[in-house]
Amino acid sequence: MNKIQSNAGFTLVELITVILILGILAATALPKFMDVTDQAHEAAFKGVAGSFGSAIALAHAQWVANGTSLAGRVQGYGSDAGDVYANASGWPIDNTSATLSCTDLWSSLLQGAPTLDTNASANGTSTSDYVYRTNGTTYCYYYPVGMFNWEGAGGSGRRAVLQYFPATGNIVTVEPIAPP
């Protein structure tokens, strides 16, 4: 018996149909993937905020565990970047004086901390990851550089910010609202 061998393949019509279907799927799925950058920035911001909040709580817990009620260095706590100092309530200020040092606090509490800039605009003109604002005693506000910056470009959203209040140990995160 002779076997007839057939070379089966795709016809031009079948190939065009498959390419067309893939094109339609790509056109409908692409907008879903375009928005992941903002989601990634938001997740990074939430991660840093969570780490900072945990570090504040751990430093305060170490201060309580040390059994002291005085302001000063928190024995047994701090990163390679420096020691952590607490105010009379036990909340980290990272400065031997009564003033709040946002830069020292940031680097002392966070191991491998994102870079922090003091003399830059939070609108993305810095090469650092974050910029901060403070009045020296009451608060530290940390802004992610270039993330969620919808205010200056005619957007109606607000900026992401991590706020720390050493008098009470409160940490507040304000997440942005995307523009319509």
# chains A, B, ... in the order shown; residues from 1 in each chain; ligands from 1

call {"tool": "residues_around", "arguments": {"residues": "A:Ser51", "least_positions_apart": "5", "cutoff": "12 Å", "atoms": "only C-alpha atoms", "output": "VMD selection string"}}
result
chain A and resid 44 to 46 56 to 58 106 109 to 114 162 171

call {"tool": "write_last_selection", "arguments": {"atoms": "C-alpha atoms", "output": "PDB file, in the first residue's frame"}}
result
ATOM      1  CA  ALA A  44       5.995  51.597  46.593  1.00  0.00           C
ATOM      2  CA  PHE A  45       4.681  54.584  48.565  1.00  0.00           C
ATOM      3  CA  LYS A  46       2.525  52.327  50.751  1.00  0.00           C
ATOM      4  CA  ILE A  56       8.489  54.350  64.666  1.00  0.00           C
ATOM      5  CA  ALA A  57       6.458  51.805  66.664  1.00  0.00           C
ATOM      6  CA  LEU A  58       9.491  49.565  67.230  1.00  0.00           C
ATOM      7  CA  TRP A 106      14.567  58.898  57.961  1.00  0.00           C
ATOM      8  CA  LEU A 109      14.906  54.283  61.110  1.00  0.00           C
ATOM      9  CA  LEU A 110      14.840  52.870  57.587  1.00  0.00           C
ATOM     10  CA  GLN A 111      17.545  50.441  56.595  1.00  0.00           C
ATOM     11  CA  GLY A 112      18.391  51.074  52.952  1.00  0.00           C
ATOM     12  CA  ALA A 113      16.110  54.099  53.023  1.00  0.00           C
ATOM     13  CA  PRO A 114      14.986  55.763  49.797  1.00  0.00           C
ATOM     14  CA  LEU A 162       3.656  60.628  54.629  1.00  0.00           C
ATOM     15  CA  ILE A 171       1.715  58.688  61.262  1.00  0.00           C
TER      16      ILE A 171
END

call {"tool": "residues_around", "arguments": {"residues": "A:Tyr142", "least_positions_apart": "2", "cutoff": "8 Å", "atoms": "only C-alpha atoms", "output": "list in words"}}
result
Tyr130, Val131, Tyr132, Arg133, Cys140, Pro144, Val161, Leu162 and Gln163 of chain A

call {"tool": "write_last_selection", "arguments": {"atoms": "N, CA and C atoms", "output": "PDB file, in the first residue's frame"}}
result
ATOM      1  N   TYR A 130      12.491  61.037  47.660  1.00  0.00           N
ATOM      2  CA  TYR A 130      11.572  61.791  48.500  1.00  0.00           C
ATOM      3  C   TYR A 130      12.164  63.157  48.825  1.00  0.00           C
ATOM      4  N   VAL A 131      11.290  64.108  49.102  1.00  0.00           N
ATOM      5  CA  VAL A 131      11.683  65.386  49.688  1.00  0.00           C
ATOM      6  C   VAL A 131      10.886  65.540  50.976  1.00  0.00           C
ATOM      7  N   TYR A 132      11.347  66.417  51.857  1.00  0.00           N
ATOM      8  CA  TYR A 132      10.610  66.582  53.107  1.00  0.00           C
ATOM      9  C   TYR A 132      10.421  68.046  53.444  1.00  0.00           C
ATOM     10  N   ARG A 133       9.453  68.275  54.295  1.00  0.00           N
ATOM     11  CA  ARG A 133       9.179  69.601  54.854  1.00  0.00           C
ATOM     12  C   ARG A 133       9.024  69.428  56.363  1.00  0.00           C
ATOM     13  N   CYS A 140       7.166  66.128  60.384  1.00  0.00           N
ATOM     14  CA  CYS A 140       7.960  65.820  59.195  1.00  0.00           C
ATOM     15  C   CYS A 140       6.978  65.346  58.134  1.00  0.00           C
ATOM     16  N   PRO A 144       6.819  61.756  48.041  1.00  0.00           N
ATOM     17  CA  PRO A 144       7.521  61.038  46.973  1.00  0.00           C
ATOM     18  C   PRO A 144       7.691  61.953  45.764  1.00  0.00           C
ATOM     19  N   VAL A 161       1.519  62.010  50.535  1.00  0.00           N
ATOM     20  CA  VAL A 161       2.415  62.500  51.582  1.00  0.00           C
ATOM     21  C   VAL A 161       2.365  61.553  52.778  1.00  0.00           C
ATOM     22  N   LEU A 162       3.524  61.381  53.394  1.00  0.00           N
ATOM     23  CA  LEU A 162       3.656  60.628  54.629  1.00  0.00           C
ATOM     24  C   LEU A 162       3.948  61.659  55.715  1.00  0.00           C
ATOM     25  N   GLN A 163       3.077  61.735  56.725  1.00  0.00           N
ATOM     26  CA  GLN A 163       3.205  62.746  57.776  1.00  0.00           C
ATOM     27  C   GLN A 163       3.540  62.062  59.099  1.00  0.00           C
TER      28      GLN A 163
END

call {"tool": "residues_around", "arguments": {"residues": "A:Arg73", "least_positions_apart": "5", "cutoff": "7 Å", "atoms": "only C-alpha atoms", "output": "ChimeraX atom specification"}}
result
/A:83-86

call {"tool": "write_last_selection", "arguments": {"atoms": "C-alpha atoms", "output": "PDB file, in the first residue's frame"}}
result
ATOM      1  CA  ASP A  83      21.340  56.289  66.480  1.00  0.00           C
ATOM      2  CA  VAL A  84      17.711  56.978  67.258  1.00  0.00           C
ATOM      3  CA  TYR A  85      16.811  59.551  69.890  1.00  0.00           C
ATOM      4  CA  ALA A  86      13.434  59.912  71.547  1.00  0.00           C
TER       5      ALA A  86
END

call {"tool": "closest_residue", "arguments": {"among": "A:Asp38, A:Ala49, A:Asp117, A:His60", "to": "A:Ser89", "atoms": "only C-alpha atoms"}}
result
A:His60

call {"tool": "closest_residue", "arguments": {"among": "A:Ala88, A:Val145, A:Val13, A:Leu116", "to": "A:Gly169", "atoms": "only C-alpha atoms"}}
result
A:Ala88

call {"tool": "select_by_dssp", "arguments": {"residues": "stretch 50-117 of chain A", "states": "alpha helix (DSSP H)", "output": "PyMOL selection string"}}
result
chain A and resi 50-65+102-109

call {"tool": "write_last_selection", "arguments": {"atoms": "C-alpha atoms", "output": "compact mmCIF listing (two decimals), in the first residue's frame"}}
result
# COMPACT_ATOMS: atom_id res chain seq x y z
CA GLY A 50 4.35 50.93 56.30
CA SER A 51 8.06 50.45 56.96
CA PHE A 52 8.39 53.92 58.44
CA GLY A 53 5.34 53.39 60.68
CA SER A 54 6.67 50.04 61.90
CA ALA A 55 10.08 51.55 62.62
CA ILE A 56 8.49 54.35 64.67
CA ALA A 57 6.46 51.80 66.66
CA LEU A 58 9.49 49.57 67.23
CA ALA A 59 11.67 52.45 68.40
CA HIS A 60 8.95 53.51 70.85
CA ALA A 61 8.56 49.92 72.06
CA GLN A 62 12.33 49.70 72.65
CA TRP A 63 12.20 52.98 74.60
CA VAL A 64 9.39 51.56 76.79
CA ALA A 65 11.22 48.23 77.21
CA CYS A 102 13.69 64.64 59.59
CA THR A 103 16.71 63.59 57.55
CA ASP A 104 18.46 61.82 60.41
CA LEU A 105 15.21 60.19 61.50
CA TRP A 106 14.57 58.90 57.96
CA SER A 107 18.01 57.35 57.54
CA SER A 108 18.26 56.03 61.11
CA LEU A 109 14.91 54.28 61.11

call {"tool": "atom_distance", "arguments": {"atom1": "atom CA of A:Glu175", "atom2": "atom CA of A:Ala40"}}
result
13.3 Å

call {"tool": "residues_around", "arguments": {"residues": "A:Ala167", "least_positions_apart": "2", "cutoff": "10 Å", "atoms": "only C-alpha atoms", "output": "list of chain:residue names"}}
result
A:Asn87, A:Ala88, A:Ser89, A:Gly90, A:Trp91, A:Pro92, A:Ile93, A:Thr137, A:Thr138, A:Tyr139, A:Tyr164, A:Phe165, A:Gly169, A:Asn170
